[in-house]
file my_file-v7.tsv (TSV, C-alpha atoms)
chain	number	residue	atom	x	y	z
A	667	MET	CA	43.84	7.60	-22.92
A	668	THR	CA	43.49	10.93	-21.10
A	669	GLN	CA	43.47	10.55	-17.35
A	670	LEU	CA	40.94	12.73	-15.57
A	671	ARG	CA	42.34	14.86	-12.78
A	672	PRO	CA	40.68	14.17	-9.41
A	673	ALA	CA	38.59	16.98	-7.95
A	674	ARG	CA	40.87	19.09	-5.77
A	675	PHE	CA	38.21	19.91	-3.17
A	676	GLU	CA	36.36	16.61	-2.80
A	677	ASP	CA	34.77	16.38	0.66
A	678	ARG	CA	36.00	19.88	1.57
A	679	THR	CA	33.85	22.63	3.03
A	680	VAL	CA	34.40	26.04	1.47
A	681	VAL	CA	32.83	29.30	2.66
A	682	VAL	CA	32.64	32.15	0.14
A	683	THR	CA	31.40	35.50	1.43
A	684	GLY	CA	29.63	37.85	-0.93
A	685	ALA	CA	28.74	34.91	-3.16
A	686	SER	CA	25.29	36.00	-4.30
A	687	ARG	CA	26.53	37.47	-7.58
A	688	GLY	CA	29.54	38.67	-9.58
A	689	LEU	CA	32.97	37.40	-8.62
A	690	GLY	CA	31.65	35.66	-5.52
A	691	ARG	CA	29.22	33.61	-7.53
A	692	ALA	CA	31.91	32.58	-10.03
A	693	ILE	CA	34.22	31.58	-7.18
A	694	ALA	CA	31.52	29.54	-5.43
A	695	VAL	CA	30.59	27.70	-8.63
A	696	ALA	CA	34.26	27.00	-9.43
A	697	PHE	CA	34.80	25.34	-6.04
A	698	ALA	CA	31.60	23.31	-6.43
A	699	ALA	CA	32.74	22.10	-9.84
A	700	GLU	CA	35.80	20.63	-8.11
A	701	GLY	CA	33.87	18.70	-5.50
A	702	ALA	CA	33.54	21.16	-2.62
A	703	PHE	CA	30.51	21.68	-0.44
A	704	VAL	CA	30.11	25.44	-0.80
A	705	VAL	CA	28.53	27.71	1.78
A	706	VAL	CA	27.16	30.68	-0.15
A	707	GLY	CA	27.54	33.72	2.07
A	708	TYR	CA	25.31	36.70	1.36
A	709	SER	CA	23.93	39.74	3.14
A	710	THR	CA	20.76	41.10	1.50
A	711	HIS	CA	20.47	39.52	-1.95
A	712	LEU	CA	18.65	36.30	-1.07
A	713	LYS	CA	17.21	35.71	-4.55
A	714	GLU	CA	20.61	36.10	-6.17
A	715	ALA	CA	22.16	33.79	-3.55
A	716	GLU	CA	19.55	31.17	-4.41
A	717	GLU	CA	20.54	31.54	-8.07
A	718	THR	CA	24.16	30.87	-7.10
A	719	LEU	CA	23.06	27.73	-5.26
A	720	ALA	CA	21.10	26.65	-8.34
A	721	GLN	CA	24.20	27.05	-10.50
A	722	ILE	CA	26.16	24.97	-8.01
A	723	ALA	CA	23.56	22.22	-8.34
A	724	GLU	CA	23.78	22.44	-12.13
A	725	LYS	CA	27.50	21.65	-11.82
A	726	GLY	CA	26.60	18.57	-9.79
A	727	GLY	CA	27.79	20.24	-6.63
A	728	LYS	CA	26.30	20.73	-3.19
A	729	GLY	CA	26.00	23.75	-0.98
A	730	ALA	CA	23.96	25.81	1.44
A	731	LEU	CA	23.04	29.43	2.05
A	732	SER	CA	24.28	31.48	4.98
A	733	GLY	CA	22.93	35.00	5.41
A	734	PHE	CA	24.98	37.45	7.48
A	735	ASP	CA	26.45	40.94	7.29
A	736	VAL	CA	30.25	40.75	7.48
A	737	LYS	CA	30.30	44.17	9.18
A	738	GLN	CA	28.39	42.78	12.17
A	739	LYS	CA	30.54	40.67	14.49
A	740	ALA	CA	27.58	39.00	16.20
A	741	GLN	CA	26.06	37.95	12.87
A	742	VAL	CA	29.41	36.58	11.65
A	743	ASP	CA	29.96	34.58	14.84
A	744	GLN	CA	26.44	33.19	14.76
A	745	ALA	CA	26.70	32.21	11.09
A	746	PHE	CA	30.01	30.40	11.48
A	747	GLU	CA	28.85	28.66	14.63
A	748	ALA	CA	25.96	27.24	12.58
A	749	ILE	CA	28.31	26.25	9.74
A	750	TYR	CA	30.63	24.36	12.11
A	751	LYS	CA	27.67	22.68	13.79
A	752	GLU	CA	26.35	21.48	10.43
A	753	ARG	CA	29.60	20.69	8.59
A	754	GLY	CA	32.11	20.05	11.38
A	755	ARG	CA	34.86	22.09	9.77
A	756	VAL	CA	35.75	24.81	7.27
A	757	ASP	CA	38.63	23.86	5.01
A	758	VAL	CA	38.73	27.03	2.92
A	759	LEU	CA	37.51	30.56	3.59
A	760	VAL	CA	37.25	33.04	0.72
A	761	ASN	CA	36.84	36.60	1.96
A	762	ASN	CA	35.17	38.12	-1.07
A	763	ALA	CA	32.43	40.34	0.39
A	764	GLY	CA	33.09	44.04	-0.01
A	765	VAL	CA	31.63	47.39	-0.97
A	766	ALA	CA	32.77	50.48	-2.87
A	767	ARG	CA	31.60	54.03	-2.29
A	768	ASP	CA	33.57	56.04	-4.85
A	769	GLU	CA	33.83	59.77	-4.20
A	770	MET	CA	36.51	62.37	-4.79
A	771	PHE	CA	38.36	62.79	-1.51
A	772	ALA	CA	37.50	66.48	-1.03
A	773	LEU	CA	33.82	65.55	-1.10
A	774	MET	CA	34.03	62.17	0.64
A	775	SER	CA	31.65	61.78	3.55
A	776	SER	CA	32.56	60.14	6.83
A	777	ASP	CA	29.82	57.59	6.18
A	778	SER	CA	31.41	56.55	2.87
A	779	TRP	CA	34.78	56.11	4.55
A	780	GLU	CA	33.45	54.19	7.53
A	781	GLU	CA	31.18	51.85	5.56
A	782	VAL	CA	33.95	50.79	3.18
A	783	ILE	CA	36.47	50.23	5.97
A	784	ALA	CA	33.89	48.32	8.03
A	785	ALA	CA	32.93	45.99	5.17
A	786	ASN	CA	36.30	45.51	3.53
A	787	LEU	CA	38.58	45.42	6.59
A	788	SER	CA	36.52	44.73	9.69
A	789	GLY	CA	34.54	42.09	7.78
A	790	LEU	CA	37.81	40.50	6.72
A	791	PHE	CA	38.90	40.40	10.36
A	792	TYR	CA	35.63	39.00	11.75
A	793	CYS	CA	35.33	36.20	9.18
A	794	SER	CA	38.99	35.19	9.35
A	795	ARG	CA	38.96	35.11	13.13
A	796	ALA	CA	35.87	32.87	13.03
A	797	VAL	CA	37.81	30.10	11.25
A	798	VAL	CA	41.36	30.50	12.54
A	799	ARG	CA	41.11	28.66	15.86
A	800	PRO	CA	39.46	25.54	14.38
A	801	MET	CA	42.01	25.56	11.54
A	802	ILE	CA	44.85	25.80	14.07
A	803	ALA	CA	43.38	22.83	15.95
A	804	ALA	CA	43.21	20.87	12.69
A	805	GLN	CA	46.70	22.04	11.64
A	806	LYS	CA	45.43	22.78	8.14
A	807	GLY	CA	43.31	25.20	6.15
A	808	ALA	CA	43.46	27.94	3.55
A	809	ILE	CA	42.23	31.51	3.47
A	810	VAL	CA	42.06	33.50	0.24
A	811	ASN	CA	41.27	37.20	0.40
A	812	VAL	CA	39.86	38.97	-2.65
A	813	GLY	CA	41.30	42.46	-3.00
A	814	ALA	CA	41.70	44.78	-5.97
A	815	ILE	CA	44.53	46.37	-7.96
A	816	SER	CA	43.64	49.70	-6.35
A	817	ALA	CA	45.75	48.35	-3.48
A	818	VAL	CA	48.86	48.78	-5.64
A	819	LYS	CA	47.80	51.29	-8.32
A	820	GLY	CA	46.57	54.83	-7.69
A	821	SER	CA	42.85	55.19	-8.40
A	822	PRO	CA	41.34	58.71	-8.16
A	823	GLY	CA	37.99	58.71	-6.40
A	824	GLN	CA	38.77	55.51	-4.52
A	825	VAL	CA	40.82	56.61	-1.52
A	826	ASN	CA	38.53	54.74	0.89
A	827	TYR	CA	38.38	51.60	-1.27
A	828	ALA	CA	42.13	51.65	-2.02
A	829	ALA	CA	42.94	52.07	1.67
A	830	SER	CA	40.77	49.08	2.54
A	831	LYS	CA	42.31	46.89	-0.16
A	832	GLY	CA	45.84	48.02	0.72
A	833	GLY	CA	45.02	47.01	4.27
A	834	LEU	CA	43.83	43.65	2.96
A	835	VAL	CA	47.23	43.04	1.34
A	836	ALA	CA	49.07	43.88	4.57
A	837	PHE	CA	46.59	41.81	6.59
A	838	THR	CA	47.20	38.86	4.26
A	839	ARG	CA	50.97	39.08	4.52
A	840	SER	CA	51.10	39.33	8.30
A	841	LEU	CA	48.43	36.71	8.98
A	842	ALA	CA	50.18	34.34	6.56
A	843	ALA	CA	53.46	34.67	8.44
A	844	GLU	CA	51.66	33.99	11.71
A	845	LEU	CA	49.65	30.98	10.55
A	846	ALA	CA	51.98	29.19	8.12
A	847	PRO	CA	53.84	27.37	10.93
A	848	LYS	CA	50.47	26.02	12.02
A	849	GLY	CA	49.68	24.52	8.61
A	850	ILE	CA	47.37	27.30	7.37
A	851	ARG	CA	48.10	29.19	4.17
A	852	VAL	CA	46.81	32.74	3.62
A	853	ASN	CA	47.01	34.45	0.24
A	854	ALA	CA	45.16	37.09	-1.78
A	855	VAL	CA	43.94	37.66	-5.31
A	856	LEU	CA	43.87	41.20	-6.69
A	857	PRO	CA	41.54	41.46	-9.70
A	858	GLY	CA	41.77	44.28	-12.17
A	859	ALA	CA	39.03	45.32	-14.57
A	860	ILE	CA	36.65	42.35	-14.51
A	861	SER	CA	33.35	42.20	-16.38
A	862	ALA	CA	31.47	41.34	-13.19
A	863	GLY	CA	30.80	42.75	-9.76
A	864	LEU	CA	31.50	46.33	-8.80
A	865	PHE	CA	33.38	47.24	-11.99
A	866	VAL	CA	30.44	46.75	-14.34
A	867	ARG	CA	28.45	49.36	-12.43
A	868	LEU	CA	30.94	52.13	-13.21
A	869	ASP	CA	30.29	54.85	-15.80
A	870	ARG	CA	30.83	53.58	-19.36
A	871	ARG	CA	33.28	56.40	-20.08
A	872	ILE	CA	35.45	55.21	-17.20
A	873	THR	CA	35.40	51.56	-18.23
A	874	ASP	CA	36.20	52.40	-21.87
A	875	ARG	CA	39.22	54.43	-20.74
A	876	VAL	CA	40.44	51.57	-18.56
A	877	LYS	CA	40.03	49.05	-21.37
A	878	THR	CA	42.38	50.97	-23.66
A	879	ALA	CA	45.10	50.73	-20.97
A	880	ILE	CA	44.93	46.93	-20.63
A	881	PRO	CA	47.71	45.21	-22.64
A	882	LEU	CA	45.47	42.23	-23.38
A	883	GLY	CA	42.89	44.65	-24.81
A	884	ARG	CA	39.91	43.23	-22.94
A	885	PHE	CA	38.28	43.02	-19.54
A	886	GLY	CA	38.82	39.92	-17.47
A	887	LYS	CA	36.20	37.26	-16.86
A	888	ALA	CA	34.92	36.37	-13.42
A	889	GLU	CA	35.90	32.76	-14.09
A	890	GLU	CA	39.52	33.80	-14.63
A	891	VAL	CA	39.62	35.29	-11.14
A	892	ALA	CA	37.86	32.22	-9.76
A	893	HIS	CA	40.58	29.97	-11.22
A	894	ALA	CA	43.23	32.02	-9.42
A	895	VAL	CA	41.32	31.69	-6.14
A	896	THR	CA	40.85	27.92	-6.42
A	897	PHE	CA	44.52	27.53	-7.33
A	898	LEU	CA	45.70	29.41	-4.23
A	899	ALA	CA	43.30	27.41	-2.03
A	900	SER	CA	44.47	24.08	-3.45
A	901	GLU	CA	47.45	21.85	-2.75
A	902	ASP	CA	48.83	22.96	-6.11
A	903	ALA	CA	49.81	26.14	-4.24
A	904	SER	CA	51.14	24.32	-1.17
A	905	TYR	CA	54.36	26.39	-1.10
A	906	ILE	CA	52.73	29.76	-1.74
A	907	VAL	CA	52.21	31.83	1.40
A	908	GLY	CA	51.38	35.50	1.97
A	909	GLN	CA	51.26	36.42	-1.70
A	910	SER	CA	48.91	38.72	-3.60
A	911	LEU	CA	48.31	37.36	-7.09
A	912	ILE	CA	47.36	40.12	-9.53
A	913	VAL	CA	44.84	39.13	-12.21
A	914	ASP	CA	44.54	42.18	-14.44
A	915	GLY	CA	45.54	41.42	-18.04
A	916	GLY	CA	48.76	43.37	-17.58
A	917	LEU	CA	47.19	46.65	-16.44
A	918	THR	CA	49.74	47.07	-13.64
A	919	ALA	CA	52.66	45.54	-15.56

call {"tool": "encode", "arguments": {"input": "my_file-v7.tsv", "output": "structure tokens"}}
result
Amino acid sequence: MTQLRPARFEDRTVVVTGASRGLGRAIAVAFAAEGAFVVVGYSTHLKEAEETLAQIAEKGGKGALSGFDVKQKAQVDQAFEAIYKERGRVDVLVNNAGVARDEMFALMSSDSWEEVIAANLSGLFYCSRAVVRPMIAAQKGAIVNVGAISAVKGSPGQVNYAASKGGLVAFTRSLAAELAPKGIRVNAVLPGAISAGLFVRLDRRITDRVKTAIPLGRFGKAEEVAHAVTFLASEDASYIVGQSLIVDGGLTA
């Protein structure tokens, strides 16, 4: 008789930022399917966030909405204060929220640079800092940062985005070294061409060109990235620290 594997996140509280749609939604639902109480972080897309919560319920899971802009320190602090008051702890933080403002560098505006850095790096800092002290007190916790392969592979028109995601990789490595002795693991997932989120809004000519370069010959699924995230957050990855797991079908191989 096949023995069912116990849910890896039973009675755990997981916060996923940018969870109203795309990769964030898939990640939130994947955690819920394994027993977690999932806090669905979102900024402006309330209706989509409610749809994520509905999908969590369909999986038999539980969760709640938390609206805040990761670029705004005061909003982040207020949101996490409410989460800790309601739940008592955060076991896993998934820093998924991010933006892209693709422009060729010679034409890139200061606003495009500053918005991407603020969302993808400052937001990463604000949210991580909001959970680190309680995790240190508990001597346990996991943080998974969602980056992109542009951190390791040149991508014309994405200097701002690539810089932010390269920073995310360095942030992950250094924070992991700092927090591992305190029982907290920090890792990252770097998705490639995934049929969800920012990638699907690119020009069809660009996506077709990328597809031909992928050894597996197809785009990835949001669920495949979500499985990588839940793995790194789980005890199955208990000896993995400071790593950036590339999920790209071999595009950077």

call {"tool": "closest_atom_pairs", "arguments": {"input": "my_file-v7.tsv", "of": "stretch 782-880 of chain A", "to": "stretch 720-734 of chain A", "cutoff": "12 Å", "atoms": "all atoms listed in the file", "output": "CSV"}}
result
residue,atom,partner,partner_atom,distance
A:Ala785,CA,A:Phe734,CA,11.9
A:Gly789,CA,A:Phe734,CA,10.6
A:Tyr792,CA,A:Phe734,CA,11.6
A:Cys793,CA,A:Phe734,CA,10.6

call {"tool": "closest_residue", "arguments": {"input": "my_file-v7.tsv", "among": "A:Arg799, A:Lys751, A:Lys739, A:His711", "to": "A:Gly688", "atoms": "all atoms listed in the file"}}
result
A:His711

call {"tool": "closest_residue", "arguments": {"input": "my_file-v7.tsv", "among": "A:Gln805, A:Ser775, A:Ser709, A:Asn826", "to": "A:Asp757", "atoms": "all atoms listed in the file"}}
result
A:Gln805

call {"tool": "closest_atom_pairs", "arguments": {"input": "my_file-v7.tsv", "of": "stretch 784-831 of chain A", "to": "stretch 878-901 of chain A", "cutoff": "8 Å", "atoms": "all atoms listed in the file", "output": "CSV"}}
result
residue,atom,partner,partner_atom,distance
A:Ala808,CA,A:Ala899,CA,5.6
A:Ile809,CA,A:Ala899,CA,6.9
A:Val810,CA,A:Ala899,CA,6.6

call {"tool": "write_last_selection", "arguments": {"input": "my_file-v7.tsv", "atoms": "C-alpha atoms", "output": "PDB file, in the coordinates of the input"}}
result
ATOM      1  CA  ALA A 808      43.460  27.940   3.550  1.00  0.00           C
ATOM      2  CA  ILE A 809      42.230  31.510   3.470  1.00  0.00           C
ATOM      3  CA  VAL A 810      42.060  33.500   0.240  1.00  0.00           C
TER       4      VAL A 810
END

call {"tool": "closest_residue", "arguments": {"input": "my_file-v7.tsv", "among": "A:Gly858, A:Pro822, A:Gly690, A:Gly832", "to": "A:Thr918", "atoms": "all atoms listed in the file"}}
result
A:Gly858

call {"tool": "closest_residue", "arguments": {"input": "my_file-v7.tsv", "among": "A:Ala796, A:Val818, A:Ala784, A:Ile802", "to": "A:Arg851", "atoms": "only C-alpha atoms"}}
result
A:Ile802

call {"tool": "closest_residue", "arguments": {"input": "my_file-v7.tsv", "among": "A:Ser778, A:Gln909, A:Gln824, A:Thr838", "to": "A:Phe791", "atoms": "all atoms listed in the file"}}
result
A:Thr838

call {"tool": "closest_residue", "arguments": {"input": "my_file-v7.tsv", "among": "A:Ala814, A:Val760, A:Ala846, A:Ala903", "to": "A:Ala859", "atoms": "all atoms listed in the file"}}
result
A:Ala814

call {"tool": "build_atoms", "arguments": {"input": "my_file-v7.tsv", "residues": "stretch 877-888 of chain A", "atoms": "N, CA and C atoms", "output": "JSON list (two decimals), in the frame of the given file"}}
result
[["chain", "number", "residue", "atom", "x", "y", "z"],
["A", 877, "LYS", "N", 39.82, 50.12, -20.40],
["A", 877, "LYS", "CA", 40.03, 49.05, -21.37],
["A", 877, "LYS", "C", 41.18, 49.35, -22.32],
["A", 878, "THR", "N", 41.30, 50.61, -22.72],
["A", 878, "THR", "CA", 42.38, 50.97, -23.66],
["A", 878, "THR", "C", 43.75, 50.83, -23.01],
["A", 879, "ALA", "N", 43.81, 50.82, -21.67],
["A", 879, "ALA", "CA", 45.10, 50.73, -20.97],
["A", 879, "ALA", "C", 45.50, 49.29, -20.67],
["A", 880, "ILE", "N", 44.64, 48.33, -20.95],
["A", 880, "ILE", "CA", 44.93, 46.93, -20.63],
["A", 880, "ILE", "C", 45.70, 46.29, -21.78],
["A", 881, "PRO", "N", 46.92, 45.81, -21.56],
["A", 881, "PRO", "CA", 47.71, 45.21, -22.64],
["A", 881, "PRO", "C", 47.00, 44.09, -23.39],
["A", 882, "LEU", "N", 46.20, 43.29, -22.69],
["A", 882, "LEU", "CA", 45.47, 42.23, -23.38],
["A", 882, "LEU", "C", 44.31, 42.77, -24.20],
["A", 883, "GLY", "N", 43.93, 44.02, -23.99],
["A", 883, "GLY", "CA", 42.89, 44.65, -24.81],
["A", 883, "GLY", "C", 41.47, 44.22, -24.50],
["A", 884, "ARG", "N", 41.26, 43.65, -23.32],
["A", 884, "ARG", "CA", 39.91, 43.23, -22.94],
["A", 884, "ARG", "C", 39.78, 43.21, -21.43],
["A", 885, "PHE", "N", 38.53, 43.18, -20.97],
["A", 885, "PHE", "CA", 38.28, 43.02, -19.54],
["A", 885, "PHE", "C", 38.42, 41.54, -19.18],
["A", 886, "GLY", "N", 38.73, 41.30, -17.93],
["A", 886, "GLY", "CA", 38.82, 39.92, -17.47],
["A", 886, "GLY", "C", 37.46, 39.31, -17.24],
["A", 887, "LYS", "N", 37.43, 38.00, -17.14],
["A", 887, "LYS", "CA", 36.20, 37.26, -16.86],
["A", 887, "LYS", "C", 36.21, 36.84, -15.39],
["A", 888, "ALA", "N", 35.03, 36.79, -14.82],
["A", 888, "ALA", "CA", 34.92, 36.37, -13.42],
["A", 888, "ALA", "C", 35.53, 34.99, -13.22]]
